[in-house]
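Engineer: Structure file target-v2.cif (mmCIF, C-alpha atoms) is given on the next line.
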data_entry
#
loop_
_atom_site.group_PDB
_atom_site.id
_atom_site.type_symbol
_atom_site.label_atom_id
_atom_site.label_comp_id
_atom_site.auth_asym_id
_atom_site.auth_seq_id
_atom_site.Cartn_x
_atom_site.Cartn_y
_atom_site.Cartn_z
ATOM 1 C CA MET B 39 22.537 -17.980 38.542
ATOM 2 C CA SER B 40 20.078 -20.234 36.749
ATOM 3 C CA ARG B 41 18.886 -23.520 38.158
ATOM 4 C CA ALA B 42 20.699 -25.516 35.453
ATOM 5 C CA ALA B 43 23.989 -23.732 36.207
ATOM 6 C CA ALA B 44 23.575 -24.438 39.950
ATOM 7 C CA GLU B 45 23.305 -28.174 39.226
ATOM 8 C CA LEU B 46 26.666 -28.268 37.352
ATOM 9 C CA SER B 47 29.803 -29.323 39.163
ATOM 10 C CA GLN B 48 32.755 -26.954 39.175
ATOM 11 C CA ASP B 49 34.636 -29.132 36.680
ATOM 12 C CA GLU B 50 31.672 -29.208 34.292
ATOM 13 C CA ALA B 51 31.204 -25.432 34.559
ATOM 14 C CA GLU B 52 34.918 -24.865 33.905
ATOM 15 C CA ASN B 53 34.841 -27.171 30.863
ATOM 16 C CA LEU B 54 31.810 -25.295 29.483
ATOM 17 C CA ARG B 55 33.553 -21.938 29.996
ATOM 18 C CA ILE B 56 36.619 -23.210 28.120
ATOM 19 C CA GLU B 57 34.407 -24.526 25.288
ATOM 20 C CA LEU B 58 32.508 -21.212 25.133
ATOM 21 C CA THR B 59 35.789 -19.320 24.820
ATOM 22 C CA LYS B 60 36.915 -21.609 21.986
ATOM 23 C CA VAL B 61 33.593 -21.183 20.119
ATOM 24 C CA GLU B 62 33.702 -17.388 20.535
ATOM 25 C CA ASP B 63 37.309 -17.366 19.221
ATOM 26 C CA GLU B 64 36.216 -19.437 16.196
ATOM 27 C CA ILE B 65 33.334 -17.018 15.547
ATOM 28 C CA HIS B 66 35.771 -14.088 15.654
ATOM 29 C CA THR B 67 38.163 -15.881 13.262
ATOM 30 C CA LEU B 68 35.340 -16.753 10.878
ATOM 31 C CA ARG B 69 34.088 -13.147 10.869
ATOM 32 C CA GLN B 70 37.575 -11.925 9.980
ATOM 33 C CA ALA B 71 37.854 -14.525 7.199
ATOM 34 C CA LEU B 72 34.402 -13.573 5.866
ATOM 35 C CA LEU B 73 35.311 -9.883 5.884
ATOM 36 C CA THR B 74 38.514 -10.652 3.936
ATOM 37 C CA LYS B 75 36.551 -12.732 1.380
ATOM 38 C CA GLU B 76 33.903 -9.987 1.000
ATOM 39 C CA ARG B 77 36.628 -7.410 0.333
ATOM 40 C CA ALA B 78 38.249 -9.690 -2.262
ATOM 41 C CA ALA B 79 34.886 -10.301 -3.960
ATOM 42 C CA SER B 80 34.187 -6.567 -3.988
ATOM 43 C CA GLU B 81 37.544 -5.859 -5.604
ATOM 44 C CA ILE B 82 36.948 -8.543 -8.264
ATOM 45 C CA ARG B 83 33.490 -7.086 -9.010
ATOM 46 C CA ARG B 84 35.043 -3.629 -9.362
ATOM 47 C CA GLN B 85 37.666 -4.970 -11.774
ATOM 48 C CA LEU B 86 34.919 -6.669 -13.809
ATOM 49 C CA GLY B 87 32.927 -3.444 -13.927
ATOM 50 C CA LEU B 88 30.014 -4.871 -11.968
ATOM 51 C CA SER B 89 28.195 -2.235 -9.964
ATOM 52 C CA PRO B 90 26.631 -2.874 -6.563
ATOM 53 C CA LEU B 91 23.240 -2.000 -8.078
ATOM 54 C CA GLY B 92 23.738 -4.621 -10.784
ATOM 55 C CA CYS B 93 24.596 -7.225 -8.154
ATOM 56 C CA ILE B 94 21.506 -6.323 -6.136
ATOM 57 C CA ARG B 95 19.382 -6.544 -9.281
ATOM 58 C CA GLN B 96 20.820 -9.955 -10.105
ATOM 59 C CA ASN B 97 20.265 -11.202 -6.535
ATOM 60 C CA LEU B 98 16.673 -9.960 -6.576
ATOM 61 C CA SER B 99 16.058 -11.613 -9.922
ATOM 62 C CA GLN B 100 17.435 -14.920 -8.692
ATOM 63 C CA SER B 101 15.408 -14.652 -5.469
ATOM 64 C CA TRP B 102 12.213 -13.928 -7.407
ATOM 65 C CA GLU B 103 12.811 -16.927 -9.667
ATOM 66 C CA SER B 104 13.361 -19.045 -6.566
ATOM 67 C CA VAL B 105 10.094 -17.807 -5.046
ATOM 68 C CA GLN B 106 8.182 -18.464 -8.271
ATOM 69 C CA SER B 107 9.433 -22.023 -8.438
ATOM 70 C CA SER B 108 8.580 -22.773 -4.797
ATOM 71 C CA ALA B 109 5.690 -25.107 -4.003
ATOM 72 C CA PRO B 110 3.735 -22.567 -1.872
ATOM 73 C CA TYR B 111 3.900 -19.989 -4.659
ATOM 74 C CA GLN B 112 2.808 -22.540 -7.259
ATOM 75 C CA THR B 113 -0.124 -23.598 -5.059
ATOM 76 C CA ALA B 114 -1.195 -20.006 -4.363
ATOM 77 C CA SER B 115 -0.860 -19.099 -8.036
ATOM 78 C CA ALA B 116 -3.018 -22.041 -9.104
ATOM 79 C CA THR B 117 -5.634 -21.153 -6.473
ATOM 80 C CA LEU B 118 -5.760 -17.524 -7.591
ATOM 81 C CA ASP B 119 -6.040 -18.643 -11.184
ATOM 82 C CA ASP B 120 -8.999 -20.874 -10.275
ATOM 83 C CA ILE B 121 -10.662 -18.022 -8.387
ATOM 84 C CA SER B 122 -10.149 -15.516 -11.200
ATOM 85 C CA HIS B 123 -11.940 -17.826 -13.628
ATOM 86 C CA SER B 124 -14.859 -18.712 -11.350
ATOM 87 C CA ASP B 125 -18.401 -17.562 -12.201
ATOM 88 C CA VAL B 126 -18.802 -15.747 -8.885
ATOM 89 C CA TYR B 127 -15.616 -13.763 -9.407
ATOM 90 C CA LEU B 128 -16.540 -12.857 -12.987
ATOM 91 C CA ARG B 129 -20.057 -11.722 -12.014
ATOM 92 C CA THR B 130 -18.697 -9.700 -9.079
ATOM 93 C CA ARG B 131 -16.040 -8.102 -11.267
ATOM 94 C CA ASP B 132 -18.586 -7.193 -13.938
ATOM 95 C CA GLY B 133 -21.052 -5.852 -11.358
ATOM 96 C CA LEU B 134 -18.422 -3.681 -9.701
ATOM 97 C CA SER B 135 -17.213 -2.453 -13.066
ATOM 98 C CA HIS B 136 -20.756 -1.466 -14.046
ATOM 99 C CA ALA B 137 -21.315 0.244 -10.677
ATOM 100 C CA GLY B 138 -18.086 2.165 -11.166
ATOM 101 C CA ASP B 139 -19.120 3.271 -14.647
ATOM 102 C CA VAL B 140 -22.550 4.440 -13.434
ATOM 103 C CA THR B 141 -21.030 6.276 -10.462
ATOM 104 C CA SER B 142 -18.416 7.917 -12.663
ATOM 105 C CA SER B 143 -21.059 9.048 -15.130
ATOM 106 C CA ALA B 144 -23.306 10.420 -12.368
ATOM 107 C CA LEU B 145 -20.445 12.327 -10.737
ATOM 108 C CA SER B 146 -19.354 13.683 -14.096
ATOM 109 C CA ASN B 147 -22.870 14.895 -14.887
ATOM 110 C CA MET B 148 -23.168 16.426 -11.440
ATOM 111 C CA GLY B 149 -19.835 18.184 -11.902
ATOM 112 C CA VAL B 150 -20.949 19.618 -15.237
ATOM 113 C CA ALA B 151 -24.216 20.843 -13.710
ATOM 114 C CA ILE B 152 -22.428 22.445 -10.754
ATOM 115 C CA THR B 153 -19.920 24.081 -13.083
ATOM 116 C CA ARG B 154 -22.741 25.525 -15.189
ATOM 117 C CA ARG B 155 -24.576 26.746 -12.113
ATOM 118 C CA LEU B 156 -21.443 28.384 -10.717
ATOM 119 C CA ALA B 157 -20.798 30.023 -14.079
ATOM 120 C CA GLY B 158 -24.364 31.366 -13.997
ATOM 121 C CA MET B 159 -23.899 32.619 -10.462
ATOM 122 C CA ARG B 160 -20.670 34.357 -11.446
ATOM 123 C CA SER B 161 -22.627 36.705 -13.670
ATOM 124 C CA LEU B 162 -24.942 37.745 -10.790
ATOM 125 C CA PRO B 163 -24.095 40.964 -8.929
ATOM 126 C CA LEU B 164 -22.376 40.613 -5.581
ATOM 127 C CA PRO B 165 -24.639 41.097 -2.577
ATOM 128 C CA GLY B 166 -24.297 44.236 -0.496
ATOM 129 C CA PRO B 167 -23.337 44.292 3.150
ATOM 130 C CA PRO B 168 -25.607 42.195 5.377
ATOM 131 C CA ARG B 169 -28.561 43.984 6.919
ATOM 132 C CA MET B 170 -29.020 43.459 10.572
ATOM 133 C CA HIS B 171 -32.820 43.650 10.591
ATOM 134 C CA HIS B 172 -33.504 41.465 7.552
ATOM 135 C CA HIS B 173 -33.077 37.709 7.392
ATOM 136 C CA ILE B 174 -34.014 35.238 4.686
ATOM 137 C CA SER B 175 -36.882 32.951 5.571
ATOM 138 C CA VAL B 176 -36.980 29.238 4.772
ATOM 139 C CA PRO B 177 -39.845 29.625 2.235
ATOM 140 C CA THR B 178 -37.774 32.225 0.372
ATOM 141 C CA LEU B 179 -34.838 29.808 0.172
ATOM 142 C CA ARG B 180 -37.073 27.003 -1.085
ATOM 143 C CA HIS B 181 -38.085 29.092 -4.086
ATOM 144 C CA SER B 182 -34.608 30.350 -4.954
ATOM 145 C CA PRO B 183 -33.370 29.463 -8.462
ATOM 146 C CA VAL B 184 -30.131 27.972 -7.126
ATOM 147 C CA LEU B 185 -31.914 25.528 -4.807
ATOM 148 C CA ARG B 186 -34.416 24.573 -7.516
ATOM 149 C CA SER B 187 -31.582 23.891 -9.958
ATOM 150 C CA LEU B 188 -29.775 21.667 -7.447
ATOM 151 C CA GLU B 189 -33.010 19.784 -6.711
ATOM 152 C CA GLU B 190 -33.551 19.213 -10.441
ATOM 153 C CA MET B 191 -29.991 17.932 -10.823
ATOM 154 C CA VAL B 192 -30.367 15.497 -7.904
ATOM 155 C CA ASN B 193 -33.713 14.286 -9.248
ATOM 156 C CA SER B 194 -32.234 13.712 -12.713
ATOM 157 C CA VAL B 195 -29.411 11.658 -11.217
ATOM 158 C CA LYS B 196 -31.944 9.612 -9.229
ATOM 159 C CA LEU B 197 -34.035 8.966 -12.340
ATOM 160 C CA ARG B 198 -31.048 7.707 -14.314
ATOM 161 C CA ARG B 199 -30.585 4.818 -11.919
#
Would you write out, as structure tokens, the structure that this file holds?

Structural biologist:
Amino acid sequence: MSRAAAELSQDEAENLRIELTKVEDEIHTLRQALLTKERAASEIRRQLGLSPLGCIRQNLSQSWESVQSSAPYQTASATLDDISHSDVYLRTRDGLSHAGDVTSSALSNMGVAITRRLAGMRSLPLPGPPRMHHHISVPTLRHSPVLRSLEEMVNSVKLRR
């Protein structure tokens, strides 16, 4: 039992219990009335040919209009409009756009070079089974045509910057 309930007299507690019962009965009655009204509205919508999806669409449209006309939305919209027209925003947008273009171009060129190299490698004969006593040394790898071609491609991308 809570401290507040312990401080109530028996008469006060009994009166509160009676009032609680009345309020709960009213809630039950109101729920039944609401359910009856919702069924009647649903039947009327069906007779009018209104679909539940159409009603949802209409409710969403009305809610969106309500949001757009609200003061917080208007304030936020005006602030975003101010930001989108500021010099800092415009310079940042242009800089990021340019960086994206340069990156896209570099990746495209790299993709073309890799595709060409792979096409050239496709025409090479397949290697035989690995030999247990022979291994490729690092100097041999450094002078391989594939590695040289990749180095040239990376250097050309670096020079374009």

Engineer: How would you write, as a list of chain:residue names, the residues chosen by the PyMOL selection byres ((chain B and resi 183-190) around 10) on this structure?

Structural biologist: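 Taken over the shown coordinates, the PyMOL selection byres ((chain B and resi 183-190) around 10) returns B:Met148, B:Ala151, B:Ile152, B:Arg155, B:Leu156, B:Gly158, B:Met159, B:Leu179, B:Arg180, B:His181, B:Ser182, B:Met191, B:Val192, B:Asn193, B:Ser194, B:Val195, B:Lys196.
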
Engineer: Report the distance between CA of His123 in chain B and CA of Ser135 in chain B in Å, rounded to one decimal place.

Structural biologist: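 For CA of His123 in chain B relative to CA of Ser135 in chain B, the distance reads 16.3 Å.
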
Engineer: Calculate how many Å separate CA of Arg160 in chain B from CA of Ser143 in chain B, rounding to one decimal.

Structural biologist: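 These atoms are spaced 25.6 Å apart.
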
Engineer: To one decimal place in Å, what is the distance between CA of Arg83 in chain B and CA of Gln96 in chain B?

Structural biologist: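 Between CA of Arg83 in chain B and CA of Gln96 in chain B the gap works out to 13.0 Å.
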
Engineer: Using only the atoms of range 45-57 of chain B listed in the file, plus 4 Å on each side, state the axis-aligned box centre and edge lengths in Å rounded to one decimal, as JSON.

Structural biologist:
{"center_x": 30.0, "center_y": -25.6, "center_z": 32.3, "size_x": 21.3, "size_y": 15.4, "size_z": 21.9}

Engineer: Quick one: everything within 12 Å of Val140 in chain B, counting only C-alpha atoms, minus sequence neighbours fewer than 6 positions away in the same chain. Send it as an MDAnalysis selection string.

Structural biologist: chainID B and resid 133:134 146:147 195:196 198:199

Engineer: Rank nothing, just name the residue among B:Glu81, B:Leu197, B:Arg69, B:Glu76 nearest to Ala144 in chain B, using all atoms listed in the file.

Structural biologist: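 Going through B:Glu81, B:Leu197, B:Arg69, B:Glu76 one by one, the smallest distance to Ala144 in chain B is for B:Leu197.
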
Engineer: Can you put all heavy atoms back into range 110-121 of chain B and show it as a PDB file, in the frame of the given file?

Structural biologist:
ATOM      1  N   PRO B 110       4.819 -23.437  -2.363  1.00  0.00           N
ATOM      2  CA  PRO B 110       3.735 -22.567  -1.872  1.00  0.00           C
ATOM      3  C   PRO B 110       3.296 -21.531  -2.907  1.00  0.00           C
ATOM      4  O   PRO B 110       2.108 -21.262  -3.054  1.00  0.00           O
ATOM      5  CB  PRO B 110       4.347 -21.885  -0.642  1.00  0.00           C
ATOM      6  CG  PRO B 110       5.429 -22.793  -0.196  1.00  0.00           C
ATOM      7  CD  PRO B 110       5.959 -23.435  -1.439  1.00  0.00           C
ATOM      8  N   TYR B 111       4.250 -20.967  -3.633  1.00  0.00           N
ATOM      9  CA  TYR B 111       3.900 -19.989  -4.659  1.00  0.00           C
ATOM     10  C   TYR B 111       3.086 -20.647  -5.770  1.00  0.00           C
ATOM     11  O   TYR B 111       2.096 -20.087  -6.235  1.00  0.00           O
ATOM     12  CB  TYR B 111       5.164 -19.336  -5.232  1.00  0.00           C
ATOM     13  CG  TYR B 111       4.860 -18.305  -6.291  1.00  0.00           C
ATOM     14  CD1 TYR B 111       4.624 -16.982  -5.940  1.00  0.00           C
ATOM     15  CD2 TYR B 111       4.786 -18.652  -7.637  1.00  0.00           C
ATOM     16  CE1 TYR B 111       4.335 -16.029  -6.895  1.00  0.00           C
ATOM     17  CE2 TYR B 111       4.487 -17.709  -8.603  1.00  0.00           C
ATOM     18  CZ  TYR B 111       4.268 -16.400  -8.233  1.00  0.00           C
ATOM     19  OH  TYR B 111       3.977 -15.460  -9.182  1.00  0.00           O
ATOM     20  N   GLN B 112       3.515 -21.828  -6.191  1.00  0.00           N
ATOM     21  CA  GLN B 112       2.808 -22.540  -7.259  1.00  0.00           C
ATOM     22  C   GLN B 112       1.376 -22.854  -6.826  1.00  0.00           C
ATOM     23  O   GLN B 112       0.432 -22.681  -7.599  1.00  0.00           O
ATOM     24  CB  GLN B 112       3.539 -23.844  -7.609  1.00  0.00           C
ATOM     25  CG  GLN B 112       4.904 -23.637  -8.220  1.00  0.00           C
ATOM     26  CD  GLN B 112       4.845 -22.975  -9.587  1.00  0.00           C
ATOM     27  OE1 GLN B 112       3.930 -23.203 -10.351  1.00  0.00           O
ATOM     28  NE2 GLN B 112       5.829 -22.143  -9.889  1.00  0.00           N
ATOM     29  N   THR B 113       1.211 -23.280  -5.578  1.00  0.00           N
ATOM     30  CA  THR B 113      -0.124 -23.598  -5.059  1.00  0.00           C
ATOM     31  C   THR B 113      -0.990 -22.346  -5.007  1.00  0.00           C
ATOM     32  O   THR B 113      -2.149 -22.347  -5.448  1.00  0.00           O
ATOM     33  CB  THR B 113      -0.007 -24.212  -3.650  1.00  0.00           C
ATOM     34  OG1 THR B 113       0.824 -25.370  -3.726  1.00  0.00           O
ATOM     35  CG2 THR B 113      -1.368 -24.595  -3.100  1.00  0.00           C
ATOM     36  N   ALA B 114      -0.437 -21.261  -4.456  1.00  0.00           N
ATOM     37  CA  ALA B 114      -1.195 -20.006  -4.363  1.00  0.00           C
ATOM     38  C   ALA B 114      -1.543 -19.483  -5.748  1.00  0.00           C
ATOM     39  O   ALA B 114      -2.656 -19.000  -5.983  1.00  0.00           O
ATOM     40  CB  ALA B 114      -0.391 -18.971  -3.581  1.00  0.00           C
ATOM     41  N   SER B 115      -0.619 -19.574  -6.676  1.00  0.00           N
ATOM     42  CA  SER B 115      -0.860 -19.099  -8.036  1.00  0.00           C
ATOM     43  C   SER B 115      -1.984 -19.887  -8.698  1.00  0.00           C
ATOM     44  O   SER B 115      -2.865 -19.310  -9.347  1.00  0.00           O
ATOM     45  CB  SER B 115       0.426 -19.210  -8.852  1.00  0.00           C
ATOM     46  OG  SER B 115       0.219 -18.769 -10.168  1.00  0.00           O
ATOM     47  N   ALA B 116      -1.971 -21.205  -8.514  1.00  0.00           N
ATOM     48  CA  ALA B 116      -3.018 -22.041  -9.104  1.00  0.00           C
ATOM     49  C   ALA B 116      -4.378 -21.718  -8.469  1.00  0.00           C
ATOM     50  O   ALA B 116      -5.396 -21.644  -9.170  1.00  0.00           O
ATOM     51  CB  ALA B 116      -2.682 -23.520  -8.909  1.00  0.00           C
ATOM     52  N   THR B 117      -4.389 -21.490  -7.165  1.00  0.00           N
ATOM     53  CA  THR B 117      -5.634 -21.153  -6.473  1.00  0.00           C
ATOM     54  C   THR B 117      -6.183 -19.822  -6.971  1.00  0.00           C
ATOM     55  O   THR B 117      -7.382 -19.695  -7.254  1.00  0.00           O
ATOM     56  CB  THR B 117      -5.405 -21.098  -4.948  1.00  0.00           C
ATOM     57  OG1 THR B 117      -4.901 -22.357  -4.514  1.00  0.00           O
ATOM     58  CG2 THR B 117      -6.686 -20.766  -4.209  1.00  0.00           C
ATOM     59  N   LEU B 118      -5.318 -18.826  -7.094  1.00  0.00           N
ATOM     60  CA  LEU B 118      -5.760 -17.524  -7.591  1.00  0.00           C
ATOM     61  C   LEU B 118      -6.242 -17.622  -9.036  1.00  0.00           C
ATOM     62  O   LEU B 118      -7.200 -16.944  -9.415  1.00  0.00           O
ATOM     63  CB  LEU B 118      -4.630 -16.501  -7.475  1.00  0.00           C
ATOM     64  CG  LEU B 118      -4.304 -16.052  -6.058  1.00  0.00           C
ATOM     65  CD1 LEU B 118      -3.071 -15.140  -6.058  1.00  0.00           C
ATOM     66  CD2 LEU B 118      -5.479 -15.341  -5.422  1.00  0.00           C
ATOM     67  N   ASP B 119      -5.607 -18.442  -9.799  1.00  0.00           N
ATOM     68  CA  ASP B 119      -6.040 -18.643 -11.184  1.00  0.00           C
ATOM     69  C   ASP B 119      -7.434 -19.263 -11.219  1.00  0.00           C
ATOM     70  O   ASP B 119      -8.288 -18.834 -11.999  1.00  0.00           O
ATOM     71  CB  ASP B 119      -5.033 -19.529 -11.916  1.00  0.00           C
ATOM     72  CG  ASP B 119      -5.228 -19.501 -13.423  1.00  0.00           C
ATOM     73  OD1 ASP B 119      -5.450 -18.399 -13.963  1.00  0.00           O
ATOM     74  OD2 ASP B 119      -5.160 -20.580 -14.046  1.00  0.00           O
ATOM     75  N   ASP B 120      -7.669 -20.256 -10.357  1.00  0.00           N
ATOM     76  CA  ASP B 120      -8.999 -20.874 -10.275  1.00  0.00           C
ATOM     77  C   ASP B 120     -10.052 -19.849  -9.868  1.00  0.00           C
ATOM     78  O   ASP B 120     -11.144 -19.806 -10.430  1.00  0.00           O
ATOM     79  CB  ASP B 120      -9.002 -22.036  -9.273  1.00  0.00           C
ATOM     80  CG  ASP B 120      -8.187 -23.224  -9.756  1.00  0.00           C
ATOM     81  OD1 ASP B 120      -7.864 -23.266 -10.966  1.00  0.00           O
ATOM     82  OD2 ASP B 120      -7.865 -24.095  -8.924  1.00  0.00           O
ATOM     83  N   ILE B 121      -9.711 -19.033  -8.877  1.00  0.00           N
ATOM     84  CA  ILE B 121     -10.662 -18.022  -8.387  1.00  0.00           C
ATOM     85  C   ILE B 121     -10.972 -17.010  -9.486  1.00  0.00           C
ATOM     86  O   ILE B 121     -12.127 -16.644  -9.704  1.00  0.00           O
ATOM     87  CB  ILE B 121     -10.107 -17.327  -7.131  1.00  0.00           C
ATOM     88  CG1 ILE B 121     -10.101 -18.285  -5.951  1.00  0.00           C
ATOM     89  CG2 ILE B 121     -10.911 -16.069  -6.794  1.00  0.00           C
ATOM     90  CD1 ILE B 121      -9.368 -17.767  -4.734  1.00  0.00           C
TER      91      ILE B 121
END
